[in-house]
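Report on the following structure.
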Amino acid sequence: MDLKSNVTYLILGGFVDMNKYRYVYFFILFMVYVLIMCSNFLIVYLTLVHKDLHEPMYVFIAALSFNSVLFSSAVYPKLLIDFLSDKQIISLPACIFQYLMYYSLASSDFLLLAAMAFDRYVSICKPLQYPTIMRKSTVIILLFVAWLWPVAPMAGITLGGFKKLCTFTLTGIFCNNSILKLNCVPSPALAIFGLFCFISFAVMPVLFVLFTYAKIFIITSKRGKEVRKKAAETCLPHLMVLFSFSCVCAYDAIISRLELNYSKTVLLVMSLQTLIYCSLKRIDQLSTVVNRNTILSLMS
């Protein structure tokens with residue numbers, strides 16, 4: 001069946017026990033969503049208002065927080081509506097848009113984490129050249145690359161990835177890579193292009209961050225104890241964010257690409273746990289990166 005036919009809605013088939021636990025699901029996700037929005041808006045607000053935080057590291061932190069707001073807004077409101085609805089459905093254009101936002105913002109997160117690693121490398125290993133390298137124009141270029149570069153490939157996948165649909169029931173609770181399984185005929189070209197995007201926007205940034213921080217730890221190991229302590233306090237929270245986010249993305253890739261014989265209840269719990277853990281873990285680590293004393297003094 002072509003997309004130009006009367007196909008307008010897809011069924012979200014990953015929900016279970018809605019009659020018994022719909023209000024429990026709703027309350028938990030609503031509280032998490034409020035916490036995500038308030039925490040990230042606070043970080044963005046502090047970065048915009050206070051000139052002491054107009055530095056590349058804090059700008060990238062604010063960009064990650066803004067990404068988290070957009071990412072959560074693309075998923076959580078629809079989930080909250082579905083928990084209170086008798087039928088969990090989504091229009092095909094809305095599903096494609098959610099898919100585009102989900103993976104574009106996830107790719108932007110990896111690129112922003114790579115930009116933060118580059119900033120830390122220049123700051124710690126080349127402090128005298130830092131003002132020259134990390135100028136305002138450099139930060140703006142890195143932000144534009146992180147936000148705009150993933151959009152074109154993801155848009156190409158969404159526009160070219162849906163030719164004919166044979167099934168109209170998703171196995172998940174939101175639109176991720178599982179929507180590609182709705183196609184009647186799998187596309188080898190699309191699979192290769194998707195692998196290229198995964199390597200470009202996930203694997204390469206992760207390798208860059210690990211290589212950069214390895215260089216930082218090697219260089220700082222030859223210096224004093226105070227320098228090593230400062231490097232560890234700056235880099236370890238960043239690495240924890242990278243590790244937790246990489247685990248979430250790896251889980252998403254495994255579940256959506258492989259035909260794993262899990263029950264719907266297990267998949268629902270794991271999907272909700274992933275969304276909650278990813279958002280709250282990143283808030284905690286991003287807040288840790290910002291100096292605690294600075295924030296407390298700014299808010300007093």
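How things are named: the first chain in the structure tokens is A, the next is B, and so on; residues count from 1 in each chain; ligands count from 1 in the order shown.
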Dump as JSON lines the rows for residues of range 39-124 of chain A within 8 Å of range 139-163 of chain A: closest atom pair and distance in Å with one decimal, only C-alpha atoms counted, ordered by chain and rising residue number.
```
{"residue": "A:Pro56", "atom": "CA", "partner": "A:Val139", "partner_atom": "CA", "distance": 6.4}
{"residue": "A:Phe60", "atom": "CA", "partner": "A:Leu143", "partner_atom": "CA", "distance": 7.9}
{"residue": "A:Ala63", "atom": "CA", "partner": "A:Leu143", "partner_atom": "CA", "distance": 7.8}
{"residue": "A:Ile96", "atom": "CA", "partner": "A:Thr158", "partner_atom": "CA", "distance": 6.4}
{"residue": "A:Tyr99", "atom": "CA", "partner": "A:Thr158", "partner_atom": "CA", "distance": 7.9}
{"residue": "A:Leu100", "atom": "CA", "partner": "A:Met154", "partner_atom": "CA", "distance": 6.0}
{"residue": "A:Tyr103", "atom": "CA", "partner": "A:Met154", "partner_atom": "CA", "distance": 7.1}
{"residue": "A:Ser104", "atom": "CA", "partner": "A:Pro150", "partner_atom": "CA", "distance": 5.4}
{"residue": "A:Leu105", "atom": "CA", "partner": "A:Trp147", "partner_atom": "CA", "distance": 7.5}
{"residue": "A:Ser107", "atom": "CA", "partner": "A:Pro150", "partner_atom": "CA", "distance": 6.2}
{"residue": "A:Ser108", "atom": "CA", "partner": "A:Ala146", "partner_atom": "CA", "distance": 4.9}
{"residue": "A:Asp109", "atom": "CA", "partner": "A:Ala146", "partner_atom": "CA", "distance": 7.6}
{"residue": "A:Leu111", "atom": "CA", "partner": "A:Ala146", "partner_atom": "CA", "distance": 5.2}
{"residue": "A:Leu112", "atom": "CA", "partner": "A:Ala146", "partner_atom": "CA", "distance": 6.0}
{"residue": "A:Ala115", "atom": "CA", "partner": "A:Leu142", "partner_atom": "CA", "distance": 6.7}
```
Write out as an mmCIF file with N, CA, C and O atoms, in the first residue's frame each polymer residue whose atoms come within 12 Å of Leu242 in chain A, counting only C-alpha atoms; drop sequence neighbours fewer than 6 positions from it.
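Below is the file that was written, result-v3.cif:
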```cif
data_model
loop_
_atom_site.group_PDB
_atom_site.id
_atom_site.type_symbol
_atom_site.label_atom_id
_atom_site.label_comp_id
_atom_site.auth_asym_id
_atom_site.auth_seq_id
_atom_site.Cartn_x
_atom_site.Cartn_y
_atom_site.Cartn_z
ATOM 1 N N LEU A 64 23.291 21.577 25.327
ATOM 2 C CA LEU A 64 22.842 20.227 25.652
ATOM 3 C C LEU A 64 21.522 20.252 26.424
ATOM 4 O O LEU A 64 20.640 19.418 26.197
ATOM 5 N N ALA A 106 19.436 13.389 19.079
ATOM 6 C CA ALA A 106 20.392 12.441 19.647
ATOM 7 C C ALA A 106 21.760 12.595 18.985
ATOM 8 O O ALA A 106 22.800 12.571 19.658
ATOM 9 N N ASP A 109 23.445 15.678 20.252
ATOM 10 C CA ASP A 109 24.026 15.473 21.573
ATOM 11 C C ASP A 109 25.443 14.901 21.482
ATOM 12 O O ASP A 109 26.363 15.354 22.182
ATOM 13 N N PHE A 110 25.621 13.912 20.632
ATOM 14 C CA PHE A 110 26.956 13.333 20.469
ATOM 15 C C PHE A 110 27.941 14.371 19.937
ATOM 16 O O PHE A 110 29.090 14.443 20.396
ATOM 17 N N LEU A 111 27.504 15.174 18.977
ATOM 18 C CA LEU A 111 28.395 16.191 18.410
ATOM 19 C C LEU A 111 28.709 17.284 19.427
ATOM 20 O O LEU A 111 29.834 17.792 19.475
ATOM 21 N N LEU A 112 27.732 17.653 20.260
ATOM 22 C CA LEU A 112 27.976 18.644 21.300
ATOM 23 C C LEU A 112 28.939 18.106 22.363
ATOM 24 O O LEU A 112 29.790 18.839 22.873
ATOM 25 N N LEU A 113 28.809 16.839 22.697
ATOM 26 C CA LEU A 113 29.744 16.232 23.636
ATOM 27 C C LEU A 113 31.153 16.199 23.056
ATOM 28 O O LEU A 113 32.144 16.389 23.784
ATOM 29 N N ALA A 114 31.267 15.984 21.751
ATOM 30 C CA ALA A 114 32.574 16.038 21.096
ATOM 31 C C ALA A 114 33.136 17.462 21.125
ATOM 32 O O ALA A 114 34.338 17.657 21.330
ATOM 33 N N MET A 116 32.493 19.717 23.405
ATOM 34 C CA MET A 116 32.921 19.940 24.789
ATOM 35 C C MET A 116 34.276 19.299 25.048
ATOM 36 O O MET A 116 35.133 19.867 25.754
ATOM 37 N N ALA A 117 34.495 18.113 24.506
ATOM 38 C CA ALA A 117 35.787 17.444 24.686
ATOM 39 C C ALA A 117 36.905 18.251 24.031
ATOM 40 O O ALA A 117 38.004 18.388 24.602
ATOM 41 N N ALA A 202 27.487 8.982 15.854
ATOM 42 C CA ALA A 202 27.584 8.334 17.164
ATOM 43 C C ALA A 202 28.975 7.758 17.409
ATOM 44 O O ALA A 202 29.647 8.131 18.371
ATOM 45 N N VAL A 203 29.409 6.857 16.540
ATOM 46 C CA VAL A 203 30.673 6.163 16.773
ATOM 47 C C VAL A 203 31.857 7.129 16.698
ATOM 48 O O VAL A 203 32.719 7.146 17.596
ATOM 49 N N PRO A 205 32.048 10.543 17.005
ATOM 50 C CA PRO A 205 32.156 11.462 18.147
ATOM 51 C C PRO A 205 32.616 10.778 19.429
ATOM 52 O O PRO A 205 33.401 11.346 20.194
ATOM 53 N N VAL A 206 32.118 9.545 19.682
ATOM 54 C CA VAL A 206 32.535 8.825 20.891
ATOM 55 C C VAL A 206 34.027 8.539 20.846
ATOM 56 O O VAL A 206 34.753 8.738 21.838
ATOM 57 N N LEU A 207 34.527 8.064 19.705
ATOM 58 C CA LEU A 207 35.958 7.793 19.567
ATOM 59 C C LEU A 207 36.772 9.074 19.723
ATOM 60 O O LEU A 207 37.855 9.062 20.338
ATOM 61 N N PHE A 208 36.254 10.183 19.190
ATOM 62 C CA PHE A 208 36.956 11.459 19.315
ATOM 63 C C PHE A 208 37.046 11.884 20.783
ATOM 64 O O PHE A 208 38.101 12.338 21.249
ATOM 65 N N VAL A 209 35.948 11.740 21.513
ATOM 66 C CA VAL A 209 35.944 12.109 22.932
ATOM 67 C C VAL A 209 36.928 11.235 23.713
ATOM 68 O O VAL A 209 37.713 11.735 24.531
ATOM 69 N N LEU A 210 36.895 9.935 23.483
ATOM 70 C CA LEU A 210 37.803 9.034 24.199
ATOM 71 C C LEU A 210 39.260 9.336 23.869
ATOM 72 O O LEU A 210 40.123 9.348 24.767
ATOM 73 N N TYR A 213 40.236 12.745 25.611
ATOM 74 C CA TYR A 213 40.437 12.655 27.051
ATOM 75 C C TYR A 213 41.616 11.756 27.417
ATOM 76 O O TYR A 213 42.241 11.939 28.465
ATOM 77 N N CYS A 235 36.575 16.409 33.559
ATOM 78 C CA CYS A 235 36.363 15.428 32.488
ATOM 79 C C CYS A 235 35.504 14.239 32.890
ATOM 80 O O CYS A 235 34.745 13.713 32.059
ATOM 81 N N LEU A 236 35.608 13.793 34.147
ATOM 82 C CA LEU A 236 34.881 12.584 34.542
ATOM 83 C C LEU A 236 33.360 12.724 34.427
ATOM 84 O O LEU A 236 32.700 11.788 33.948
ATOM 85 N N VAL A 248 22.299 4.074 26.303
ATOM 86 C CA VAL A 248 20.898 4.237 25.903
ATOM 87 C C VAL A 248 20.754 4.094 24.392
ATOM 88 O O VAL A 248 19.842 3.421 23.897
ATOM 89 N N CYS A 249 21.645 4.726 23.637
ATOM 90 C CA CYS A 249 21.567 4.653 22.172
ATOM 91 C C CYS A 249 21.856 3.240 21.676
ATOM 92 O O CYS A 249 21.243 2.782 20.705
ATOM 93 N N ALA A 250 22.792 2.554 22.330
ATOM 94 C CA ALA A 250 23.075 1.172 21.955
ATOM 95 C C ALA A 250 21.858 0.285 22.199
ATOM 96 O O ALA A 250 21.519 -0.579 21.379
ATOM 97 N N CYS A 278 17.823 8.130 31.054
ATOM 98 C CA CYS A 278 18.591 8.994 30.158
ATOM 99 C C CYS A 278 18.427 10.451 30.549
ATOM 100 O O CYS A 278 19.400 11.185 30.711
ATOM 101 N N LYS A 281 19.713 11.154 34.346
ATOM 102 C CA LYS A 281 21.152 10.984 34.476
ATOM 103 C C LYS A 281 21.878 12.143 33.837
ATOM 104 O O LYS A 281 22.858 12.659 34.377
ATOM 105 N N ARG A 282 21.414 12.601 32.694
ATOM 106 C CA ARG A 282 22.071 13.707 32.011
ATOM 107 C C ARG A 282 21.896 14.995 32.793
ATOM 108 O O ARG A 282 22.798 15.816 32.855
ATOM 109 N N GLN A 285 24.454 14.887 35.675
ATOM 110 C CA GLN A 285 25.842 15.065 35.271
ATOM 111 C C GLN A 285 26.098 16.453 34.694
ATOM 112 O O GLN A 285 27.151 17.038 34.938
ATOM 113 N N LEU A 286 25.156 16.986 33.938
ATOM 114 C CA LEU A 286 25.338 18.328 33.397
ATOM 115 C C LEU A 286 25.376 19.356 34.516
ATOM 116 O O LEU A 286 26.124 20.331 34.454
#
```
Point to revise | Selected residue of minimal separation from Pro93 in chain A among A:Lys225, A:Ile179, A:Ile219, A:Thr8, counting only C-alpha atoms | key: A:Thr8
Check your understanding: Looking at A:Leu48, A:Leu42, A:Leu268, A:Met31, which one is nearest to Tyr76 in chain A, with distances taken over only C-alpha atoms?
Key -> A:Met31
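As for CA of Leu84 in chain A and CA of Arg22 in chain A, they are spaced 6.5 Å apart.
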Review point. A:Leu272, A:Asn177, A:Pro77, A:Pro237: which is nearest Gly194 in chain A, counting only C-alpha atoms?
Key: A:Asn177
What's the 12 Å shell around range 123-131 of chain A, counting only C-alpha atoms, without same-chain residues fewer than 2 positions away, as a tab-separated table (two decimals) with C-alpha atoms, in the first residue's frame?
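Okay, result17.tsv is ready:
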```tsv
chain	number	residue	atom	x	y	z
A	55	GLU	CA	32.30	30.71	28.24
A	56	PRO	CA	32.44	27.86	25.69
A	57	MET	CA	32.07	25.08	28.27
A	116	MET	CA	32.92	19.94	24.79
A	117	ALA	CA	35.79	17.44	24.69
A	118	PHE	CA	37.63	19.62	22.17
A	119	ASP	CA	37.08	22.67	24.39
A	120	ARG	CA	38.44	20.83	27.45
A	121	TYR	CA	41.44	19.60	25.48
A	133	ILE	CA	41.29	28.91	19.22
A	134	MET	CA	38.01	28.99	21.17
A	135	ARG	CA	36.76	32.34	19.97
A	136	LYS	CA	33.10	33.29	19.83
A	137	SER	CA	33.00	32.55	16.11
A	138	THR	CA	34.44	29.06	16.72
A	139	VAL	CA	31.76	28.28	19.30
A	212	THR	CA	40.80	13.54	23.40
A	213	TYR	CA	40.44	12.66	27.05
A	214	ALA	CA	43.14	10.01	26.79
A	215	LYS	CA	45.45	12.75	25.57
A	216	ILE	CA	44.32	15.00	28.44
A	217	PHE	CA	44.99	12.35	31.09
A	218	ILE	CA	48.39	11.50	29.57
A	219	ILE	CA	49.48	15.14	29.56
A	220	THR	CA	48.12	15.97	33.02
A	221	SER	CA	49.70	12.86	34.52
A	222	LYS	CA	53.07	14.51	33.98
A	223	ARG	CA	52.04	17.65	35.86
A	227	VAL	CA	46.31	19.88	37.69
A	228	ARG	CA	45.35	16.21	37.65
A	229	LYS	CA	42.57	16.85	40.17
A	230	LYS	CA	41.17	19.73	38.11
A	231	ALA	CA	41.26	17.65	34.92
A	232	ALA	CA	39.49	14.75	36.63
A	234	THR	CA	36.17	18.52	34.68
A	235	CYS	CA	36.36	15.43	32.49
```
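Taking CA of Leu53 in chain A and CA of Leu70 in chain A as endpoints, the distance between them is 21.9 Å.
The residue that comes closest to Val34 in chain A, out of A:Leu275, A:Gly172, A:Cys197, A:Ser73 and on the basis of only C-alpha atoms, is A:Ser73.
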Exercise for review: Identify, on the basis of only C-alpha atoms, every residue whose closest approach to range 23-30 of chain A does not exceed 12 Å; exclude the query and any residue fewer than 2 positions from it along the same chain; express the result as a PyMOL selection string.
Suggested key: chain A and resi 15-21+32-37+72-73+75-85+268-269+271-277+279-280
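Distance annotation: of A:Ala74, A:Phe198, A:Gly14, A:Lys51, the residue with the minimal separation from Ala94 in chain A is A:Ala74; atom set is only C-alpha atoms.
The residue that comes closest to Lys164 in chain A, out of A:Leu92, A:Met204, A:Met101, A:Leu182 and on the basis of only C-alpha atoms, is A:Leu182.
CA of Ser200 in chain A sits 17.4 Å away from CA of Phe243 in chain A.
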